[in-house]
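Have a look at the structure below before the remarks.
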Amino acid sequence: MASRFVCLICHNEIAHPGAACPYCKSRSFLAEGATPRILAAVFGVMLLLFAATAFYTRSFNRESRERGRRHYESAQALAALGDYQQASEQYRDALLYSRDDARYRLGLALALYAHEHFSEARNHLLALRPADPTAGIVNKLLGRLAADEGRIDEAVAYYRTAIYGRWTDNADQQRIESRLELIDLLDDKSRRRQLTAELLDLLEVMPQDKAIRRRLADLLLKAGIADRASALFREFLRDNPRDREALVGRAEAEFLLGNYLTARTHFNRAQGVREEESVARRVALCSAVIALDPNRRGNIGVAERLRRSRVLVARAAAFVSDCLNPPSETFIGPPAPVPAELAEPPARARDLLRSDARRRAADADLEANILLAQEIWNAREQVCSANDGGDEPLRLVLAKLSP
Amino acid sequence: MNIKYPAGAVRRMERFVRDRARLDAGAAALGAAVRGINAVSRKGPVLEETQRFLLLSIVIGILSGLVVVCFHISIEFLNWNTVHSLERSSGLWTLIWPALGGGGAYLLVYFVFPTARGTGVNYTKAGVYASDGYVPFRSVIGKFVSSTLSIGSGNPMGPEDPALQMGAGIASLLGRFFHLTRDHMRLIAPIGAAAGIGAAFNTPIAAVLFVMEEVMSAWSAGVLGSIVLSSVSAVVVSRWFLGDDPLYRVPQFELTDYSELLVYAAIGLAGGCLSALYARHAAALRGKVLEQRQRIRIWLPVAAGLFVGLIGIQAPGVLGAGYESIDGALHDRFTWRFLLLLGGLKMILSAVCLSAGTPGGMFAPTLFIGAMIGGGLGGLADVYWPLPTSSTGAYVLVGMGAFFAGLFRAPMTSVFMVFELSANYVIILPVMIANTISYQISRRMQADSLFHILGRQDGLDLPSVEEKREAPVLHVEDAMRKDGRRVMPATSAGVDDALAGLDEDGATAMLIDSAYGRWTWVSRRDLERARQEGRGGALIQDALPSRAVIRTYPDIPLDQALRKLGVYPVLPVASRVNPNYMLGTLTLADVHRAYGIPEDEG
């Protein structure tokens with residue numbers, strides 16, 4: 001039976017498919033009798049093709065994943081052996097089969113980093129970042145790369161993201177490691193304020209690992225946060241009273257805090273475990289400071305304190321005097337004229353010296369001596385050059401006595 | 001009598017009533033829907049023809065997307081089992097596979113699928129301009145099989161151009177199924193082409209622009225919606241099966257310093273020069289091959305494949321479409337010297353394969369060459385440029401766009417393609433600079449695009465968007481008369497006066513200005529009839545009925561105005577800012593004069 005063609009706009013019969021409808025003048029491209037059958041056939045083909053493509057894609061993906069996995073495993077084994085060049089080739093092959101697998105790309109980035117192909121490693125890491133901007137390892141490595149290239153602010157930002165970012169396993173440990181790396185960077189670049197903030201943040205989480213705690217104590221000491229460092233070293237000493245490094249650490253912390261007696265005690269105990277020249281010098285320094293300190297706690301009488309204060313004045317005056325009149329063998333020319341803005345303080349220092357400071361010190365009381373010593377000491381900055389060295393015990397005692 | 005029911009029973013009854021009510025409401029809604037559908041069915045289709053055409057575009061997009069996904073997978077499968085699996089094992093097989101694949105594919109095209117020869121762009125375009133949208137379905141199968149064999153076995157060609165033709169072929173088949181009118185048939189092939197290339201490239205916008213620029217060679221608003229729909233639906237299908245990942249994973253980058261734009265300009269310069277040289281020499285080589293006897297030509301793909309294999313043993317990166325190498329370049333894997341070497345090798349190999357007739361497209365090789373040149377020059381700048389530079393990835397991308405713009409003369413497509421590939425807005429400025437320079441230099445050095453030259457070699461003289469764009473277009477302002485001799489005021493225009501004016505001017509009609517902005521026209525014949533009837537001294541508005549005229553404007557193209565002149569012998573040309581103010585008049589004689597047609601012929 002021949003097909004009857006109708007216009008799909010007005011449903012009137014038309015002469016042949018595609019002909020203009022004599023009633024509505026439409027040239028509807030669906031205007032033919034067999035349209036529903038064609039539509040059904042097209043959709044049927046589409047469904048069949050969809051199913052075939054799905055099946056084909058599934059096979060492809062399975063094969064692709066399998067090949068990628070094989071290369072990945074091979075790469076992991078090579079990386080474990082330290083052959084990062086071959087490992088990176090295998091990772092590349094793995095990526096060839098599974099381009100969207102972040103593990104493969106990360107593995108490649110790590111291998112390239114280990115193989116010192118930093119630029120390519122960075123590009124792969126940057127390619128990973130948009131999909132997971134908070135990935136800890138990615139940000140940590142980017143931080144390292146930025147630090148290596150001297151982009152410190154960028155490195156700090158990456159490290160911070162790594163610290164607060166997402167880690168797949170051993171997250172706490174990884175975060176602490178990242179923070180320690182950041183702390184090392186800040187310490188290396190002498191960014192004291194940021195360093196202190198990071199150390200205090202690290203103290204908040206207080207890692208359990210002993211090695212990390214010890215490192216933290218050292219870093220706190222290095223950053224001048226002596227009280228917290230001392231507390232940590234004290235903790236180590238509770239576990240092992242003969243821990244020489246903890247003894248030295250504690251001693252240094254107490255030294256920074258101005259507790260020279262405690263510091264000397266711990267330095268001495270460290271020497272008891274194993275003697276060392278540098279520690280011996282620290283013991284001597286502590287002893288010198290203790291012997292000079294007029295306000296030392298313990299059984300020293302008023303006379304002794306007064307004597308010590310006189311010694312302070314005398315040593316400060318001697319030090320400044322040496323600066324003003326250097327020994328002849330070191331004199332290499334006429335003294336440079338004193339700049340006008342600095343004229344007053346050196347003149348003051350000269351006055352102090354001319355007025356027989358020793359006599360005045362003998363007559364004055366303890367507090368006045370200390371003030372005088374501090375005044376003379378402060379004047380040294382204007383008359384002494386940086387190369388003049390210093391009277392270390394005197395400096396420490398006066399620093400401790402200053403308000 | 002009050003019956004006291006147990007509390008549990010009351011709750012059950014209440015729940016039953018509630019459920020029953022819900023069921024009733026559901027049944028009522030379903031019934032209404034069925035009645036609605038029935039009513040609609042009885043009335044016929046509810047969609048306009050345009051809407052149905054849009055729906056058909058979606059179907060084309062889906063089908064093309066599915067075919068292109070299968071095509072992509074087939075190439076990958078073959079590639080894994082031939083060239084890639086052998087890269088690290090046997091050099092002999094690396095030598096043999098491209099020759100086998102290329103030779104086999106050529107034989108298939110020659111003996112089984114002759115309609116699958118040539119470039120997909122040109123044959124789709126030929127379908128649009130020469131055969132009313134007819135693209136044989138046999139070419140879809142031919143392109144699928146031959147290109148899979150050729151590219152999968154390591155020949156340095158790309159799958160995008162065959163995908164374009166496959167899309168066009170599928171669309172054309174559907175158009176024939178549905179007995180589309182000739183106008184719709186001509187539109188349907190580009191719709192399929194956009195779907196094919198969109199699915200292959202995973203860049204829907206670039207696909208739309210490419211089809212507009214290169215296949216249709218025209219910016220047609222009427223078909224834009226259908227092309228967009230088919231391209232998007234094909235990309236959706238492709239992403240559904242192959243994943244959301246773009247073709248290349250582009251690392252983040254930024255413009256480090258504005259001085260760097262000079263480096264991008266240099267890439268544009270190099271891209272323009274090299275693309276022109278490439279087009280010229282590849283076409284010349286192909287011309288030489290076409291002069292050979294067929295029994296010699298049949299062996300050339302094998303020879304080209306052997307040459308490819310020989311180079312591929314030393315530089316496997318040039319084998320196949322080369323996406324991995326581009327990815328490597330984007331991630332700074334290679335030195336600038338090696339990048340330039342790869343680019344140079346690919347230029348030679350792809351030109352040889354193109355000339356030999358090895359099936360496959362030129363998109364991927366073009367992008368490869370551009371990427372390597374851009375990356376190489378960027379790497380060179382990184383070493384010698386005294387100011388800060390970006391990462392190599394940025395130069396690779398810009399190089400891709402620049403070479404593409406120079407070779408295919410599709411500047412808009414190249415800009416958006418790079419933008420879509422990188423998903424980075426920062427790249428736009430460098431890409432625009434490099435692409436514009438490349439495009440201009442390439443045009444200066446080589447008049448025609450690669451596709452145009454290849455088309456001519458195949459016996460096709462197809463229009464290009466360039467020649468259409470640059471063809472001089474005359475407007476009403478170029479032809480209109482401004483002296484006001486064909487206009488008379490209604491209050492004083494007598495029949496005799498009007499005839500005297502027409503005699504003086506030689507025109508066939510005159511405009512009558514009835515009021516400010518109200519114009520009518522009168523023909524010489526009417527005026528003469530009025531004079532014969534003894535009304536020569538009367539005013540025109542009294543002697544003859546007034547006939548309204550529509551106005552035109554100075555910026556209207558002359559061919560558009562010409563259509564109005566078929567109805568009205570004279571047209572008032574009005575001002576755009578004051579449509580009631582007449583700037584001049586336009587007649588057929590004016591149009592003839594503007595086009596340079598002598599009066600007697602007009």
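Naming works like this for the structure tokens: A, B, ... for the chains as they're shown, residue 1 at the start of each chain, ligands 1 onward in shown order.
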Name the residues of stretch 314-560 of chain B that fall into strand (DSSP E) according to DSSP on the backbone, using the chain letters and numbers of this document, as a compact mmCIF listing (two decimals) with N, CA and C atoms, in the first residue's frame.
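So result-v2.txt came out as:
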```txt
# COMPACT_ATOMS: atom_id res chain seq x y z
N VAL B 487 11.23 64.69 -6.26
CA VAL B 487 10.25 64.90 -5.19
C VAL B 487 9.53 66.22 -5.44
N MET B 488 8.22 66.17 -5.28
CA MET B 488 7.45 67.42 -5.41
C MET B 488 6.49 67.52 -4.24
N PRO B 489 6.25 68.75 -3.79
CA PRO B 489 5.30 68.91 -2.66
C PRO B 489 3.87 68.69 -3.15
N ALA B 509 9.10 57.38 -12.30
CA ALA B 509 8.15 57.64 -11.20
C ALA B 509 8.66 58.83 -10.40
N MET B 510 7.75 59.38 -9.65
CA MET B 510 8.10 60.56 -8.84
C MET B 510 7.49 60.42 -7.46
N LEU B 511 8.18 61.00 -6.47
CA LEU B 511 7.67 60.97 -5.10
C LEU B 511 6.90 62.26 -4.83
N ILE B 512 5.83 62.12 -4.10
CA ILE B 512 5.03 63.28 -3.71
C ILE B 512 5.12 63.40 -2.20
N ASP B 513 5.54 64.58 -1.77
CA ASP B 513 5.69 64.82 -0.33
C ASP B 513 4.38 65.39 0.20
N SER B 514 3.52 64.52 0.77
CA SER B 514 2.19 64.93 1.21
C SER B 514 2.26 65.72 2.51
N ALA B 515 3.06 65.27 3.38
CA ALA B 515 3.24 65.94 4.67
C ALA B 515 4.63 65.55 5.17
N ARG B 518 5.40 61.92 5.19
CA ARG B 518 4.38 61.11 4.51
C ARG B 518 4.57 61.26 3.02
N TRP B 519 5.11 60.14 2.41
CA TRP B 519 5.43 60.20 0.99
C TRP B 519 4.60 59.20 0.21
N THR B 520 4.20 59.62 -0.96
CA THR B 520 3.50 58.70 -1.87
C THR B 520 4.24 58.75 -3.20
N TRP B 521 3.89 57.86 -4.09
CA TRP B 521 4.56 57.89 -5.40
C TRP B 521 3.53 57.87 -6.53
N VAL B 522 4.01 58.32 -7.66
CA VAL B 522 3.15 58.36 -8.83
C VAL B 522 4.01 58.01 -10.04
N SER B 523 3.42 57.20 -10.97
CA SER B 523 4.23 56.75 -12.10
C SER B 523 4.00 57.67 -13.31
N ARG B 547 -0.54 56.60 -3.58
CA ARG B 547 -0.01 55.25 -3.33
C ARG B 547 1.18 55.36 -2.38
N ALA B 548 1.07 54.69 -1.26
CA ALA B 548 2.11 54.82 -0.22
C ALA B 548 3.40 54.14 -0.69
```
Return as a list of chain:residue names the residues belonging to chain B that are within 7 Å of chain A, counting only C-alpha atoms.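 That gives B:Gly44, B:Pro45, B:Glu49, B:Leu63, B:Leu66, B:Cys70, B:Ile73, B:Phe178, B:His179, B:Leu180, B:Thr181, B:Phe241, B:Asp245, B:Arg249, B:Val250, B:Pro251, B:Gln252, B:His331, B:Asp332, B:Arg333 for chain B.
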Deliver the residues from the most recent selection as a file, using C-alpha atoms, as a JSON list (two decimals), in the first residue's frame.
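Writing done, so here's selection_28.json:
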```json
[["chain", "number", "residue", "atom", "x", "y", "z"],
["B", 44, "GLY", "CA", -1.27, 17.57, 15.55],
["B", 45, "PRO", "CA", 2.25, 18.65, 16.45],
["B", 49, "GLU", "CA", 8.87, 24.00, 12.21],
["B", 63, "LEU", "CA", 24.20, 10.60, 17.03],
["B", 66, "LEU", "CA", 28.10, 8.69, 19.78],
["B", 70, "CYS", "CA", 33.41, 5.17, 19.05],
["B", 73, "ILE", "CA", 38.06, 4.77, 21.19],
["B", 178, "PHE", "CA", 12.98, 13.40, 6.88],
["B", 179, "HIS", "CA", 12.78, 14.79, 3.34],
["B", 180, "LEU", "CA", 14.02, 18.20, 4.30],
["B", 181, "THR", "CA", 13.50, 21.02, 1.88],
["B", 241, "PHE", "CA", 31.35, 8.63, 27.80],
["B", 245, "ASP", "CA", 38.54, 16.29, 31.08],
["B", 249, "ARG", "CA", 45.29, 19.53, 30.98],
["B", 250, "VAL", "CA", 46.58, 23.03, 30.96],
["B", 251, "PRO", "CA", 48.52, 24.19, 34.01],
["B", 252, "GLN", "CA", 47.63, 27.51, 35.61],
["B", 331, "HIS", "CA", 53.89, 20.73, 31.30],
["B", 332, "ASP", "CA", 57.41, 21.84, 30.41],
["B", 333, "ARG", "CA", 58.68, 18.34, 29.75]]
```
For B:Phe416, which residue out of B:Gly343, B:Gly401, B:Gly459, B:Gly317 is the nearest one, using only C-alpha atoms?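 The shortest atom-to-atom distance to B:Phe416 comes from B:Gly401.
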Considering only C-alpha atoms, return as a PyMOL selection string whatever protein or nucleic-acid residues lie within 9 Å of stretch 426-441 of chain B, sequence-local ones (same chain, fewer than 5 positions apart) excluded. chain B and resi 253-255+260-261+264-273+275-276+394-395+397-399+401-412+414-416+418-419+446
Which residues are near stretch 229-235 of chain B? Cut-off 7 Å, only C-alpha atoms, ignore same chain within fewer than 5 positions. Put them as a PyMOL selection string. chain B and resi 57-58+60-62+64-65+191-192+194-195+198-199+202+204+207-208
At a cut-off of 6 Å, using only C-alpha atoms, what residues contact B:Gly152? Leave out same-chain residues fewer than 4 positions from it and give the result as an mmCIF file with C-alpha atoms, in the first residue's frame.
```cif
data_model
loop_
_atom_site.group_PDB
_atom_site.id
_atom_site.type_symbol
_atom_site.label_atom_id
_atom_site.label_comp_id
_atom_site.auth_asym_id
_atom_site.auth_seq_id
_atom_site.Cartn_x
_atom_site.Cartn_y
_atom_site.Cartn_z
ATOM 1 C CA ILE B 75 41.882 4.966 17.317
ATOM 2 C CA LEU B 78 44.586 0.506 17.719
ATOM 3 C CA ASN B 79 47.250 2.918 18.882
ATOM 4 C CA THR B 148 41.130 4.775 12.447
#
```
Write out as an NGL selection string which residues come within 12 Å of stretch 142-145 of chain A when counting only C-alpha atoms, dropping same-chain ones fewer than 2 positions away. :A and (106 or 109-110 or 112-114 or 116-129 or 133-140 or 147-163 or 178-179 or 181-182 or 184-185)
According to DSSP computed on the backbone, where in stretch 22-259 of chain B is there helix (DSSP H, G or I)? Give the residues as a PyMOL selection string. chain B and resi 22-43+49-86+91-112+114-116+120-129+137-152+160-177+182-201+204-215+221-242+258-259
Choose the residue, out of A:Pro207, A:Leu396, A:Val283, A:Asp132, that has the smallest atom-to-atom separation from A:Leu256; count only C-alpha atoms.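 Residue with the minimum atom-to-atom distance to A:Leu256: A:Leu396.
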